[in-house]
$ cat model.txt   # compact mmCIF, C-alpha atoms
# COMPACT_ATOMS: atom_id res chain seq x y z
CA MET A 1 20.79 -1.47 54.59
CA THR A 2 18.49 -3.05 57.19
CA THR A 3 18.56 -6.76 58.06
CA LEU A 4 15.86 -8.41 60.19
CA ILE A 5 16.58 -11.79 61.74
CA THR A 6 13.47 -13.48 63.17
CA ASN A 7 12.56 -16.57 65.23
CA ILE A 8 16.02 -16.83 66.80
CA GLN A 9 15.92 -19.83 69.12
CA GLU A 10 18.17 -17.96 71.57
CA LEU A 11 20.02 -14.65 71.34
CA LEU A 12 23.13 -14.78 73.55
CA GLN A 13 25.19 -12.15 75.37
CA VAL A 14 22.43 -9.53 75.37
CA ARG A 15 23.49 -6.42 77.27
CA GLU A 16 21.04 -3.51 77.32
CA THR A 17 23.78 -1.32 78.73
CA SER A 18 27.35 -1.69 77.55
CA ILE A 19 29.70 -3.16 80.15
CA ALA A 20 33.48 -3.47 80.06
CA LYS A 21 33.91 -7.00 81.41
CA VAL A 22 32.51 -9.65 83.75
CA SER A 23 34.36 -11.05 86.77
CA GLY A 24 34.06 -13.85 89.30
CA ALA A 25 30.54 -15.19 89.85
CA GLU A 26 29.19 -12.80 87.16
CA MET A 27 31.02 -14.90 84.57
CA ALA A 28 28.47 -17.68 85.08
CA ILE A 29 25.64 -15.37 84.00
CA LEU A 30 25.04 -15.15 80.25
CA PRO A 31 21.99 -12.96 79.53
CA THR A 32 19.87 -14.31 76.67
CA ILE A 33 16.50 -13.86 74.96
CA LYS A 34 14.61 -16.92 73.69
CA ASN A 35 12.46 -16.72 70.54
CA ALA A 36 14.08 -13.42 69.65
CA PHE A 37 14.43 -10.96 66.79
CA LEU A 38 17.48 -8.90 65.89
CA ILE A 39 17.65 -5.85 63.62
CA LEU A 40 20.91 -4.75 62.00
CA LYS A 41 21.18 -1.33 60.38
CA ASP A 42 24.21 -0.88 58.14
CA ASP A 43 27.15 -2.11 60.25
CA LEU A 44 25.53 -1.76 63.69
CA ILE A 45 23.12 -3.56 65.99
CA HIS A 46 19.93 -1.48 65.86
CA ASP A 47 17.35 -3.35 67.96
CA PHE A 48 16.50 -6.72 69.49
CA GLY A 49 13.90 -8.33 71.70
CA SER A 50 11.31 -11.07 72.00
CA MET A 51 9.34 -12.02 68.88
CA ASP A 52 6.24 -11.08 70.90
CA ASN A 53 7.42 -7.47 70.67
CA LEU A 54 8.60 -7.41 67.05
CA PRO A 55 8.03 -3.88 65.69
CA GLU A 56 6.75 -3.09 62.19
CA ILE A 57 9.80 -2.66 60.01
CA ASN A 58 10.69 -2.42 56.33
CA ALA A 59 13.81 -4.57 56.06
CA ASP A 60 15.97 -5.02 52.99
CA THR A 61 16.75 -8.59 54.06
CA ILE A 62 14.80 -10.95 56.30
CA ILE A 63 16.42 -14.11 57.71
CA ASP A 64 14.45 -16.82 59.49
CA ALA A 65 16.64 -18.27 62.25
CA THR A 66 14.23 -20.94 63.50
CA GLY A 67 16.14 -23.50 65.59
CA LYS A 68 19.34 -21.44 65.44
CA VAL A 69 21.34 -19.43 67.98
CA ILE A 70 22.97 -16.03 67.52
CA LEU A 71 25.87 -14.75 69.59
CA PRO A 72 28.51 -12.04 69.19
CA SER A 73 31.46 -13.06 67.06
CA TRP A 74 34.52 -14.25 68.95
CA CYS A 75 37.06 -11.66 70.13
CA ASP A 76 40.50 -13.28 69.91
CA SER A 77 42.83 -11.04 71.90
CA HIS A 78 46.10 -12.95 71.46
CA THR A 79 47.43 -14.20 68.11
CA HIS A 80 50.66 -14.34 66.09
CA ILE A 81 49.07 -15.13 62.72
CA VAL A 82 51.48 -13.06 60.65
CA TYR A 83 54.42 -15.39 60.04
CA ALA A 84 56.28 -17.19 57.26
CA GLY A 85 56.29 -20.92 56.61
CA ASN A 86 55.54 -23.33 59.45
CA ARG A 87 57.26 -25.37 62.16
CA GLU A 88 55.76 -28.79 61.48
CA GLN A 89 59.16 -30.49 61.87
CA GLU A 90 59.29 -29.24 65.46
CA PHE A 91 55.87 -30.80 65.99
CA VAL A 92 57.37 -34.16 65.05
CA ASP A 93 60.44 -33.45 67.21
CA ARG A 94 58.17 -32.98 70.22
CA ILE A 95 56.41 -36.26 69.46
CA ASN A 96 59.87 -37.84 69.50
CA GLY A 97 60.55 -36.52 73.00
CA PHE A 98 62.12 -33.09 72.67
CA THR A 99 60.68 -30.35 74.89
CA TYR A 100 59.72 -26.84 73.72
CA GLU A 101 62.75 -25.46 75.59
CA GLU A 102 65.14 -28.05 74.09
CA ILE A 103 63.93 -27.23 70.58
CA ALA A 104 64.44 -23.52 71.25
CA ASN A 105 67.97 -24.14 72.58
CA ARG A 106 68.83 -25.96 69.31
CA GLY A 107 67.91 -22.87 67.24
CA GLY A 108 64.28 -23.86 66.76
CA GLY A 109 61.21 -22.14 68.13
CA ILE A 110 60.91 -18.38 67.77
CA LEU A 111 64.39 -18.04 66.25
CA ASN A 112 63.44 -20.54 63.53
CA SER A 113 60.37 -18.45 62.66
CA ALA A 114 62.46 -15.26 62.72
CA LYS A 115 64.95 -16.72 60.24
CA LYS A 116 62.14 -17.70 57.86
CA LEU A 117 60.38 -14.36 58.18
CA ASN A 118 63.49 -12.31 57.45
CA GLU A 119 64.13 -14.44 54.35
CA THR A 120 60.56 -13.96 53.04
CA SER A 121 59.24 -10.93 51.15
CA GLU A 122 56.60 -8.68 52.66
CA GLU A 123 54.22 -9.54 49.82
CA GLU A 124 54.59 -13.28 50.42
CA ILE A 125 54.11 -12.89 54.19
CA TYR A 126 50.89 -10.96 53.48
CA GLU A 127 49.64 -13.66 51.09
CA GLN A 128 50.30 -16.41 53.65
CA SER A 129 48.81 -14.43 56.53
CA LYS A 130 45.60 -13.42 54.77
CA VAL A 131 44.74 -17.10 54.26
CA ARG A 132 44.95 -17.63 58.02
CA LEU A 133 42.94 -14.48 58.73
CA GLU A 134 40.18 -15.53 56.32
CA GLU A 135 40.09 -18.96 57.97
CA VAL A 136 39.54 -17.55 61.48
CA MET A 137 36.87 -15.16 60.19
CA HIS A 138 34.93 -18.10 58.72
CA LEU A 139 35.30 -19.79 62.14
CA GLY A 140 33.46 -16.90 63.79
CA THR A 141 36.19 -14.48 64.86
CA GLY A 142 35.10 -10.87 64.39
CA ALA A 143 37.94 -9.11 66.20
CA VAL A 144 41.58 -10.14 66.45
CA GLU A 145 44.81 -8.91 67.98
CA ILE A 146 47.92 -9.72 65.94
CA LYS A 147 51.48 -9.49 67.27
CA SER A 148 54.81 -8.95 65.58
CA GLY A 149 57.79 -10.73 67.13
CA TYR A 150 59.16 -12.99 64.41
CA GLY A 151 61.40 -10.31 62.93
CA LEU A 152 63.70 -9.54 65.88
CA THR A 153 65.32 -6.92 63.63
CA ILE A 154 64.03 -3.44 62.94
CA GLU A 155 63.39 -4.37 59.29
CA GLY A 156 61.62 -7.62 60.18
CA GLU A 157 59.43 -6.13 62.91
CA LEU A 158 58.38 -3.19 60.72
CA LYS A 159 57.65 -5.61 57.88
CA MET A 160 55.32 -7.63 60.13
CA LEU A 161 53.55 -4.56 61.46
CA ARG A 162 52.99 -3.24 57.92
CA VAL A 163 51.43 -6.60 56.99
CA ILE A 164 49.13 -6.37 60.03
CA LYS A 165 48.13 -2.85 58.99
CA LYS A 166 47.39 -4.01 55.44
CA LEU A 167 45.23 -6.87 56.73
CA ALA A 168 43.28 -4.41 58.87
CA GLU A 169 42.71 -2.16 55.86
CA ASN A 170 41.62 -4.97 53.53
CA TYR A 171 39.30 -7.07 55.73
CA PRO A 172 36.02 -6.29 57.57
CA ILE A 173 37.35 -7.44 60.93
CA ALA A 174 38.53 -5.35 63.87
CA VAL A 175 42.33 -5.71 64.09
CA LYS A 176 44.61 -4.53 66.88
CA ALA A 177 48.39 -4.55 66.34
CA THR A 178 50.92 -5.38 69.06
CA PHE A 179 54.69 -4.84 68.87
CA LEU A 180 56.46 -7.90 70.29
CA GLY A 181 60.08 -7.17 69.42
CA ALA A 182 60.91 -8.60 72.87
CA HIS A 183 59.82 -12.12 71.88
CA ALA A 184 63.30 -13.65 72.10
CA PHE A 185 66.92 -12.54 71.86
CA PRO A 186 68.29 -12.81 68.30
CA VAL A 187 71.36 -14.99 67.71
CA ASP A 188 73.52 -11.89 67.09
CA TYR A 189 72.64 -10.58 70.56
CA LYS A 190 72.91 -13.86 72.48
CA ASP A 191 75.80 -12.45 74.54
CA ASN A 192 74.63 -8.83 74.43
CA LYS A 193 71.09 -8.76 75.79
CA ALA A 194 71.38 -5.14 76.90
CA GLY A 195 72.33 -4.23 73.33
CA TYR A 196 69.16 -5.80 71.90
CA ILE A 197 66.95 -4.11 74.49
CA ASP A 198 68.62 -0.81 73.56
CA GLU A 199 67.81 -1.58 69.89
CA ILE A 200 64.14 -2.09 70.81
CA ILE A 201 63.93 1.10 72.84
CA THR A 202 66.04 3.51 70.77
CA LYS A 203 65.40 2.27 67.22
CA MET A 204 62.30 0.08 66.92
CA LEU A 205 59.87 1.90 69.22
CA PRO A 206 60.48 5.40 67.78
CA GLU A 207 59.96 4.12 64.21
CA ILE A 208 56.82 2.20 65.13
CA ALA A 209 55.34 5.15 67.02
CA GLN A 210 56.17 7.60 64.24
CA ASN A 211 54.41 5.41 61.66
CA LYS A 212 51.51 4.51 64.00
CA LEU A 213 52.04 0.81 63.37
CA ALA A 214 51.04 -0.60 66.79
CA ASP A 215 48.46 -0.19 69.53
CA TYR A 216 50.25 -2.23 72.21
CA VAL A 217 53.68 -3.37 73.34
CA ASP A 218 54.33 -6.96 74.45
CA ILE A 219 57.24 -8.80 76.09
CA PHE A 220 57.81 -12.53 76.65
CA CYS A 221 58.57 -12.39 80.38
CA GLU A 222 59.88 -15.88 81.10
CA THR A 223 62.96 -17.76 82.32
CA GLY A 224 65.42 -17.89 79.43
CA TYR A 225 63.74 -14.98 77.63
CA PHE A 226 63.16 -11.55 79.22
CA SER A 227 63.57 -11.01 82.96
CA VAL A 228 61.12 -9.02 85.06
CA GLU A 229 63.59 -6.12 85.17
CA GLU A 230 64.03 -6.19 81.37
CA THR A 231 60.25 -6.47 80.90
CA GLU A 232 59.64 -3.43 83.08
CA LYS A 233 62.24 -1.41 81.17
CA ILE A 234 60.58 -2.19 77.83
CA MET A 235 57.06 -1.63 79.18
CA GLN A 236 58.11 1.80 80.45
CA ALA A 237 59.62 2.69 77.08
CA GLY A 238 56.53 1.47 75.24
CA ILE A 239 54.27 3.59 77.44
CA GLU A 240 56.42 6.64 76.70
CA PHE A 241 55.79 6.01 73.00
CA GLY A 242 52.04 5.69 73.55
CA LEU A 243 51.81 1.88 73.57
CA LYS A 244 49.91 0.22 76.43
CA PRO A 245 51.44 -3.09 77.62
CA LYS A 246 49.95 -6.57 77.00
CA ILE A 247 52.45 -9.17 78.14
CA HIS A 248 53.27 -12.89 78.01
CA VAL A 249 53.70 -14.21 81.58
CA ASN A 250 53.68 -17.44 83.62
CA GLN A 251 53.78 -19.86 80.67
CA PHE A 252 56.43 -22.13 82.20
CA ASN A 253 57.41 -20.36 85.43
CA SER A 254 56.05 -17.79 87.88
CA ILE A 255 58.82 -15.18 88.15
CA GLY A 256 56.92 -12.01 89.02
CA GLY A 257 55.74 -11.05 85.54
CA ILE A 258 52.11 -10.67 86.61
CA GLN A 259 53.07 -8.22 89.34
CA ALA A 260 55.19 -6.27 86.83
CA GLY A 261 52.28 -6.12 84.40
CA ILE A 262 49.94 -4.81 87.10
CA LYS A 263 52.53 -2.24 88.18
CA PHE A 264 52.61 -0.82 84.65
CA LYS A 265 48.81 -1.10 84.22
CA ALA A 266 49.03 -3.72 81.48
CA LEU A 267 45.75 -4.21 79.62
CA SER A 268 46.22 -7.97 79.85
CA VAL A 269 48.56 -10.66 81.15
CA ASP A 270 48.46 -13.73 78.92
CA HIS A 271 49.22 -17.49 79.21
CA LEU A 272 49.03 -18.03 83.02
CA GLU A 273 49.54 -21.79 82.87
CA ILE A 274 51.54 -21.62 86.12
CA MET A 275 49.73 -19.59 88.79
CA ASN A 276 50.73 -19.28 92.44
CA PRO A 277 48.26 -18.03 95.09
CA GLU A 278 50.18 -14.72 95.23
CA ASP A 279 49.72 -14.29 91.45
CA ILE A 280 45.96 -14.68 91.80
CA GLU A 281 45.91 -12.36 94.81
CA ALA A 282 47.89 -9.70 92.93
CA LEU A 283 45.30 -9.58 90.11
CA LYS A 284 42.38 -8.82 92.45
CA ASN A 285 40.81 -5.37 92.04
CA THR A 286 43.02 -4.39 89.10
CA GLU A 287 42.16 -3.26 85.57
CA THR A 288 44.41 -5.96 84.07
CA MET A 289 42.62 -8.82 82.27
CA PRO A 290 44.01 -12.35 82.76
CA VAL A 291 43.97 -14.24 79.44
CA ALA A 292 44.10 -18.03 79.13
CA LEU A 293 45.27 -19.84 75.98
CA PRO A 294 43.96 -23.41 76.36
CA SER A 295 44.80 -24.64 72.87
CA CYS A 296 48.46 -23.85 73.60
CA SER A 297 48.26 -26.07 76.67
CA TYR A 298 46.59 -28.73 74.53
CA PHE A 299 49.22 -28.62 71.78
CA LEU A 300 52.28 -28.50 74.06
CA SER A 301 50.85 -30.83 76.75
CA ILE A 302 51.55 -28.27 79.48
CA PRO A 303 49.25 -27.32 82.38
CA TYR A 304 46.03 -25.39 81.77
CA THR A 305 45.32 -22.02 83.36
CA PRO A 306 43.57 -22.71 86.72
CA ALA A 307 40.31 -21.04 85.70
CA ARG A 308 38.23 -22.35 88.59
CA GLU A 309 40.62 -20.96 91.22
CA MET A 310 40.79 -17.61 89.46
CA ILE A 311 37.04 -17.22 88.98
CA LYS A 312 36.43 -18.33 92.59
CA ALA A 313 38.81 -15.54 93.65
CA GLY A 314 36.58 -13.04 91.86
CA LEU A 315 38.81 -12.46 88.84
CA PRO A 316 37.70 -11.96 85.25
CA LEU A 317 39.15 -14.27 82.59
CA ALA A 318 39.41 -14.00 78.81
CA LEU A 319 40.09 -16.78 76.31
CA ALA A 320 42.20 -16.48 73.16
CA THR A 321 43.86 -18.80 70.64
CA ASP A 322 47.59 -17.87 70.67
CA PHE A 323 47.50 -18.82 66.94
CA ASN A 324 51.18 -19.21 65.99
CA PRO A 325 53.40 -21.63 64.04
CA GLY A 326 55.15 -23.21 67.01
CA SER A 327 52.89 -23.77 70.00
CA THR A 328 49.35 -23.29 68.65
CA PRO A 329 48.92 -23.63 64.88
CA SER A 330 45.16 -23.06 65.11
CA GLY A 331 42.98 -19.99 65.31
CA ASN A 332 39.77 -21.87 66.02
CA MET A 333 38.02 -20.05 68.87
CA ASN A 334 35.26 -22.68 68.90
CA PHE A 335 37.89 -25.24 69.91
CA VAL A 336 39.25 -22.82 72.52
CA VAL A 337 35.79 -22.45 74.08
CA ALA A 338 35.26 -26.21 74.07
CA THR A 339 38.72 -26.91 75.53
CA ALA A 340 38.13 -24.36 78.29
CA CYS A 341 34.97 -26.28 79.24
CA ILE A 342 36.49 -29.74 78.91
CA LYS A 343 39.95 -29.19 80.40
CA MET A 344 39.60 -26.06 82.55
CA LYS A 345 36.10 -26.91 83.87
CA MET A 346 34.64 -23.58 82.81
CA THR A 347 30.88 -23.63 82.26
CA PRO A 348 29.63 -22.82 78.74
CA GLU A 349 28.38 -19.48 80.08
CA GLU A 350 31.78 -18.61 81.54
CA ALA A 351 33.62 -19.67 78.39
CA ILE A 352 31.35 -17.66 76.08
CA ASN A 353 31.71 -14.59 78.31
CA ALA A 354 35.49 -15.10 78.29
CA ALA A 355 35.60 -15.37 74.48
CA THR A 356 33.32 -12.40 73.76
CA ILE A 357 32.96 -9.50 76.21
CA ASN A 358 36.16 -10.24 78.17
CA GLY A 359 38.10 -10.91 74.97
CA ALA A 360 36.97 -7.53 73.67
CA TYR A 361 38.20 -5.90 76.90
CA ALA A 362 41.59 -7.60 76.52
CA MET A 363 42.15 -5.78 73.23
CA GLY A 364 40.56 -2.49 74.20
CA ILE A 365 37.38 -2.70 72.11
CA SER A 366 34.63 -3.55 74.61
CA GLU A 367 32.78 -0.32 73.74
CA THR A 368 32.17 -1.57 70.18
CA HIS A 369 32.43 -5.38 70.29
CA GLY A 370 31.75 -8.41 72.47
CA SER A 371 28.02 -8.22 73.19
CA ILE A 372 24.59 -7.79 71.64
CA THR A 373 24.12 -4.14 72.53
CA LYS A 374 22.46 -1.37 70.52
CA GLY A 375 25.07 0.69 68.71
CA LYS A 376 27.75 -1.98 68.79
CA LYS A 377 29.22 -3.50 65.63
CA ALA A 378 26.99 -6.09 63.94
CA ASN A 379 29.61 -8.84 64.18
CA LEU A 380 27.72 -12.06 64.84
CA ILE A 381 27.71 -15.83 64.63
CA LEU A 382 24.55 -17.54 63.34
CA THR A 383 24.69 -21.23 64.19
CA LYS A 384 23.20 -24.13 62.30
CA PRO A 385 20.08 -25.61 63.96
CA ILE A 386 21.24 -26.82 67.40
CA SER A 387 19.49 -28.07 70.52
CA SER A 388 21.03 -25.35 72.73
CA TYR A 389 24.19 -23.26 72.97
CA TYR A 390 25.67 -26.01 75.18
CA GLN A 391 26.20 -27.89 71.93
CA ILE A 392 28.91 -25.38 70.90
CA PRO A 393 31.48 -26.75 73.41
CA TYR A 394 29.87 -30.21 73.63
CA ALA A 395 30.21 -31.07 69.92
CA PHE A 396 33.82 -29.86 69.97
CA GLY A 397 34.78 -31.39 66.62
CA SER A 398 31.80 -30.15 64.63
CA ASN A 399 31.48 -26.90 62.71
CA LEU A 400 28.16 -25.56 63.99
CA ILE A 401 28.43 -22.16 62.27
CA GLU A 402 26.03 -21.42 59.42
CA SER A 403 26.96 -17.76 58.82
CA VAL A 404 29.29 -15.09 60.16
CA PHE A 405 28.22 -11.45 60.00
CA LEU A 406 30.93 -8.81 59.93
CA ASN A 407 29.89 -5.15 59.91
CA GLY A 408 26.31 -6.26 59.26
CA GLU A 409 27.06 -8.36 56.19
CA ILE A 410 27.54 -12.10 55.76
CA PHE A 411 31.25 -12.80 55.23
$ encode --input "model.txt" --output "structure tokens"
Amino acid sequence: MTTLITNIQELLQVRETSIAKVSGAEMAILPTIKNAFLILKDDLIHDFGSMDNLPEINADTIIDATGKVILPSWCDSHTHIVYAGNREQEFVDRINGFTYEEIANRGGGILNSAKKLNETSEEEIYEQSKVRLEEVMHLGTGAVEIKSGYGLTIEGELKMLRVIKKLAENYPIAVKATFLGAHAFPVDYKDNKAGYIDEIITKMLPEIAQNKLADYVDIFCETGYFSVEETEKIMQAGIEFGLKPKIHVNQFNSIGGIQAGIKFKALSVDHLEIMNPEDIEALKNTETMPVALPSCSYFLSIPYTPAREMIKAGLPLALATDFNPGSTPSGNMNFVVATACIKMKMTPEEAINAATINGAYAMGISETHGSITKGKKANLILTKPISSYYQIPYAFGSNLIESVFLNGEIF
């Protein structure tokens, strides 16, 4: 199956040679081709270039993209979209003055979601989650990481990870699974934190590894959740079971989680709303990708990741949604890109790099996703007619997507 797309107003994120990520000043450079063609063969990118150099080709399908822009589909490296029910009442509670921490201390937050998940059948969780996955695919996401973490029991965590696996098998989107048993301490272990950590290490991790249910291990390293010492213990155990760390850090406090993540060669450190100069310094010249979640900051009215300081320091940065029922009930990467520009003062070029090639790096798939490169997956966004790609973050409330290609086919 060969698809030829012609007269593309601008083809974005064109990389002749595959790269892993972009950092610092390089983030402001978004390579493009104007008046371009693109050839897809089966599920891969086969060729591209200027219309002046269009080769003779017998295509099964020809699409005229006059006035339209094509870019790689979004790579959303941090989501929690497998869950049961919702937490809309907590949304109203916050409007009425309760903080995220106060709601959690009253049995809300993660523990509320865990209670609902453990009361809901695996089949029903799958049915609810697939609706959310289909929604984000239509919004241009072509690769997604999904975490467990609302079970907080061995049965609940395995149930979530099986749902993630089923979604990956049934949909044409790249899915990475992350085990987040260390999301919060269950009520039964409120006074026995060491006992719950032992449960994670001696019972959950062996079962997950044996059944190949996760790619990564995650921990919520934060005051009132898991300490740096506890985070390091779980990271070490996860590594021993073949799971690379990707961890939640610096959402409300800077307590040394970033340094712990670097020490254990975490693929990414995510949230980063509170960043001290030493946190930024620690990330320099490492293989760990910092990941910002601006729609979480938007929804909770907490600080935004200091993107300008981090990029000025030469760091890379990825953007993701944090799609979850409590702090970010949205998986719209278009809104994330726009919010990064509006609130974090990232340029459109930086934000698109952060949401494509750097997002792919943050979930370990930059060899196959995140750029227009020959041999990479044909996962693309075709916009409606727009004046330029600046309109994507500028018109933040508009759906500018005409079609989404996944594995070379329109979804």
$ residues_around --input "model.txt" --residues "segment 381-384 of chain A" --least-positions-apart "6" --cutoff "7 Å" --atoms "only C-alpha atoms" --output "VMD selection string"
chain A and resid 68 to 73 140 400 to 405
$ atom_distance --input "model.txt" --atom1 "atom CA of Met27 of chain A" --atom2 "atom CA of Thr339 of chain A"
16.9 Å
$ closest_residue --input "model.txt" --among "A:Gln259, A:Thr32, A:Thr368, A:Ser268" --to "Glu281 of chain A" --atoms "only C-alpha atoms"
A:Gln259
$ residues_near_point --input "model.txt" --point "(58.5, -33.6, 67.3)" --cutoff "12 Å" --atoms "only C-alpha atoms" --output "mmCIF file with C-alpha atoms, in the frame of the given file"
data_model
loop_
_atom_site.group_PDB
_atom_site.id
_atom_site.type_symbol
_atom_site.label_atom_id
_atom_site.label_comp_id
_atom_site.auth_asym_id
_atom_site.auth_seq_id
_atom_site.Cartn_x
_atom_site.Cartn_y
_atom_site.Cartn_z
ATOM 1 C CA ARG A 87 57.260 -25.370 62.160
ATOM 2 C CA GLU A 88 55.760 -28.790 61.480
ATOM 3 C CA GLN A 89 59.160 -30.490 61.870
ATOM 4 C CA GLU A 90 59.290 -29.240 65.460
ATOM 5 C CA PHE A 91 55.870 -30.800 65.990
ATOM 6 C CA VAL A 92 57.370 -34.160 65.050
ATOM 7 C CA ASP A 93 60.440 -33.450 67.210
ATOM 8 C CA ARG A 94 58.170 -32.980 70.220
ATOM 9 C CA ILE A 95 56.410 -36.260 69.460
ATOM 10 C CA ASN A 96 59.870 -37.840 69.500
ATOM 11 C CA GLY A 97 60.550 -36.520 73.000
ATOM 12 C CA PHE A 98 62.120 -33.090 72.670
ATOM 13 C CA THR A 99 60.680 -30.350 74.890
ATOM 14 C CA TYR A 100 59.720 -26.840 73.720
ATOM 15 C CA GLU A 102 65.140 -28.050 74.090
ATOM 16 C CA ILE A 103 63.930 -27.230 70.580
ATOM 17 C CA GLY A 108 64.280 -23.860 66.760
ATOM 18 C CA GLY A 109 61.210 -22.140 68.130
ATOM 19 C CA PHE A 299 49.220 -28.620 71.780
ATOM 20 C CA LEU A 300 52.280 -28.500 74.060
ATOM 21 C CA GLY A 326 55.150 -23.210 67.010
ATOM 22 C CA SER A 327 52.890 -23.770 70.000
#
$ atom_distance --input "model.txt" --atom1 "atom CA of Val336 of chain A" --atom2 "atom CA of Tyr83 of chain A"
21.0 Å
$ atom_distance --input "model.txt" --atom1 "atom CA of Ala114 of chain A" --atom2 "atom CA of Gly149 of chain A"
7.9 Å
$ closest_residue --input "model.txt" --among "A:Glu309, A:Glu119, A:Glu134, A:Glu127" --to "Ile280 of chain A" --atoms "only C-alpha atoms"
A:Glu309
$ residues_around --input "model.txt" --residues "Ile239 of chain A" --least-positions-apart "6" --cutoff "9 Å" --atoms "only C-alpha atoms" --output "list of chain:residue names"
A:Tyr216, A:Val217, A:Pro245, A:Phe264
$ residues_around --input "model.txt" --residues "Lys165 of chain A" --least-positions-apart "4" --cutoff "9 Å" --atoms "only C-alpha atoms" --output "PyMOL selection string"
chain A and resi 160-161+169-170+175-177+213-214
$ write_last_selection --input "model.txt" --atoms "C-alpha atoms" --output "PDB file, keeping the file's coordinate frame"
ATOM      1  CA  MET A 160      55.320  -7.630  60.130  1.00  0.00           C
ATOM      2  CA  LEU A 161      53.550  -4.560  61.460  1.00  0.00           C
ATOM      3  CA  GLU A 169      42.710  -2.160  55.860  1.00  0.00           C
ATOM      4  CA  ASN A 170      41.620  -4.970  53.530  1.00  0.00           C
ATOM      5  CA  VAL A 175      42.330  -5.710  64.090  1.00  0.00           C
ATOM      6  CA  LYS A 176      44.610  -4.530  66.880  1.00  0.00           C
ATOM      7  CA  ALA A 177      48.390  -4.550  66.340  1.00  0.00           C
ATOM      8  CA  LEU A 213      52.040   0.810  63.370  1.00  0.00           C
ATOM      9  CA  ALA A 214      51.040  -0.600  66.790  1.00  0.00           C
TER      10      ALA A 214
END
$ residues_around --input "model.txt" --residues "Gly181 of chain A" --least-positions-apart "4" --cutoff "7 Å" --atoms "all atoms listed in the file" --output "PyMOL selection string"
chain A and resi 148-149+152+157+200
$ residues_around --input "model.txt" --residues "Gly85 of chain A" --least-positions-apart "6" --cutoff "12 Å" --atoms "all atoms listed in the file" --output "list in words"
Asn112, Ser113, Ala114, Lys115, Lys116, Leu117, Asn118, Glu119, Thr120, Ser121, Glu124, Ile125, Tyr126, Glu127, Gln128, Ser129, Arg132, Tyr150, Asn324, Pro325, Gly326 and Pro329 of chain A
$ axis_aligned_box --input "model.txt" --around "segment 86-104 of chain A" --padding-each-side "6 Å" --output "AutoDock Vina command-line options"
--center_x 60.3 --center_y -30.6 --center_z 67.5 --size_x 21.6 --size_y 26.5 --size_z 28.1
$ closest_residue --input "model.txt" --among "A:Thr223, A:Lys246, A:Ala143, A:Thr356" --to "Phe179 of chain A" --atoms "all atoms listed in the file"
A:Lys246
$ closest_residue --input "model.txt" --among "A:Asp43, A:Glu278, A:Glu207, A:Glu287" --to "Ala313 of chain A" --atoms "all atoms listed in the file"
A:Glu278
$ residues_near_point --input "model.txt" --point "(67.4, -21.1, 71.6)" --cutoff "10 Å" --atoms "all atoms listed in the file" --output "list in words"
Tyr100, Glu101, Glu102, Ile103, Ala104, Asn105, Arg106, Gly107, Gly108, Gly109, Ile110, Leu111, Asn112, Ala184, Phe185, Pro186, Val187, Lys190, Gly224 and Tyr225 of chain A
$ closest_residue --input "model.txt" --among "A:Glu349, A:Glu273, A:Asp322, A:Glu26" --to "Ser295 of chain A" --atoms "all atoms listed in the file"
A:Asp322
$ build_atoms --input "model.txt" --residues "segment 388-395 of chain A" --atoms "N, CA, C and O atoms" --output "JSON list (two decimals), keeping the file's coordinate frame"
[["chain", "number", "residue", "atom", "x", "y", "z"],
["A", 388, "SER", "N", 20.81, -26.48, 71.82],
["A", 388, "SER", "CA", 21.03, -25.35, 72.73],
["A", 388, "SER", "C", 22.46, -24.88, 72.53],
["A", 388, "SER", "O", 23.27, -25.56, 71.88],
["A", 389, "TYR", "N", 22.81, -23.75, 73.14],
["A", 389, "TYR", "CA", 24.19, -23.26, 72.97],
["A", 389, "TYR", "C", 25.20, -24.15, 73.68],
["A", 389, "TYR", "O", 26.40, -24.05, 73.42],
["A", 390, "TYR", "N", 24.75, -25.04, 74.56],
["A", 390, "TYR", "CA", 25.67, -26.01, 75.18],
["A", 390, "TYR", "C", 26.32, -26.89, 74.12],
["A", 390, "TYR", "O", 27.39, -27.46, 74.35],
["A", 391, "GLN", "N", 25.66, -27.03, 72.97],
["A", 391, "GLN", "CA", 26.20, -27.89, 71.93],
["A", 391, "GLN", "C", 27.50, -27.32, 71.34],
["A", 391, "GLN", "O", 28.32, -28.06, 70.79],
["A", 392, "ILE", "N", 27.71, -26.00, 71.47],
["A", 392, "ILE", "CA", 28.91, -25.38, 70.90],
["A", 392, "ILE", "C", 30.17, -26.00, 71.51],
["A", 392, "ILE", "O", 31.05, -26.47, 70.78],
["A", 393, "PRO", "N", 30.31, -26.06, 72.87],
["A", 393, "PRO", "CA", 31.48, -26.75, 73.41],
["A", 393, "PRO", "C", 31.33, -28.28, 73.45],
["A", 393, "PRO", "O", 32.34, -28.99, 73.37],
["A", 394, "TYR", "N", 30.09, -28.76, 73.54],
["A", 394, "TYR", "CA", 29.87, -30.21, 73.63],
["A", 394, "TYR", "C", 30.31, -30.93, 72.36],
["A", 394, "TYR", "O", 31.06, -31.90, 72.39],
["A", 395, "ALA", "N", 29.86, -30.44, 71.21],
["A", 395, "ALA", "CA", 30.21, -31.07, 69.92],
["A", 395, "ALA", "C", 31.51, -30.43, 69.42],
["A", 395, "ALA", "O", 31.55, -29.77, 68.38]]
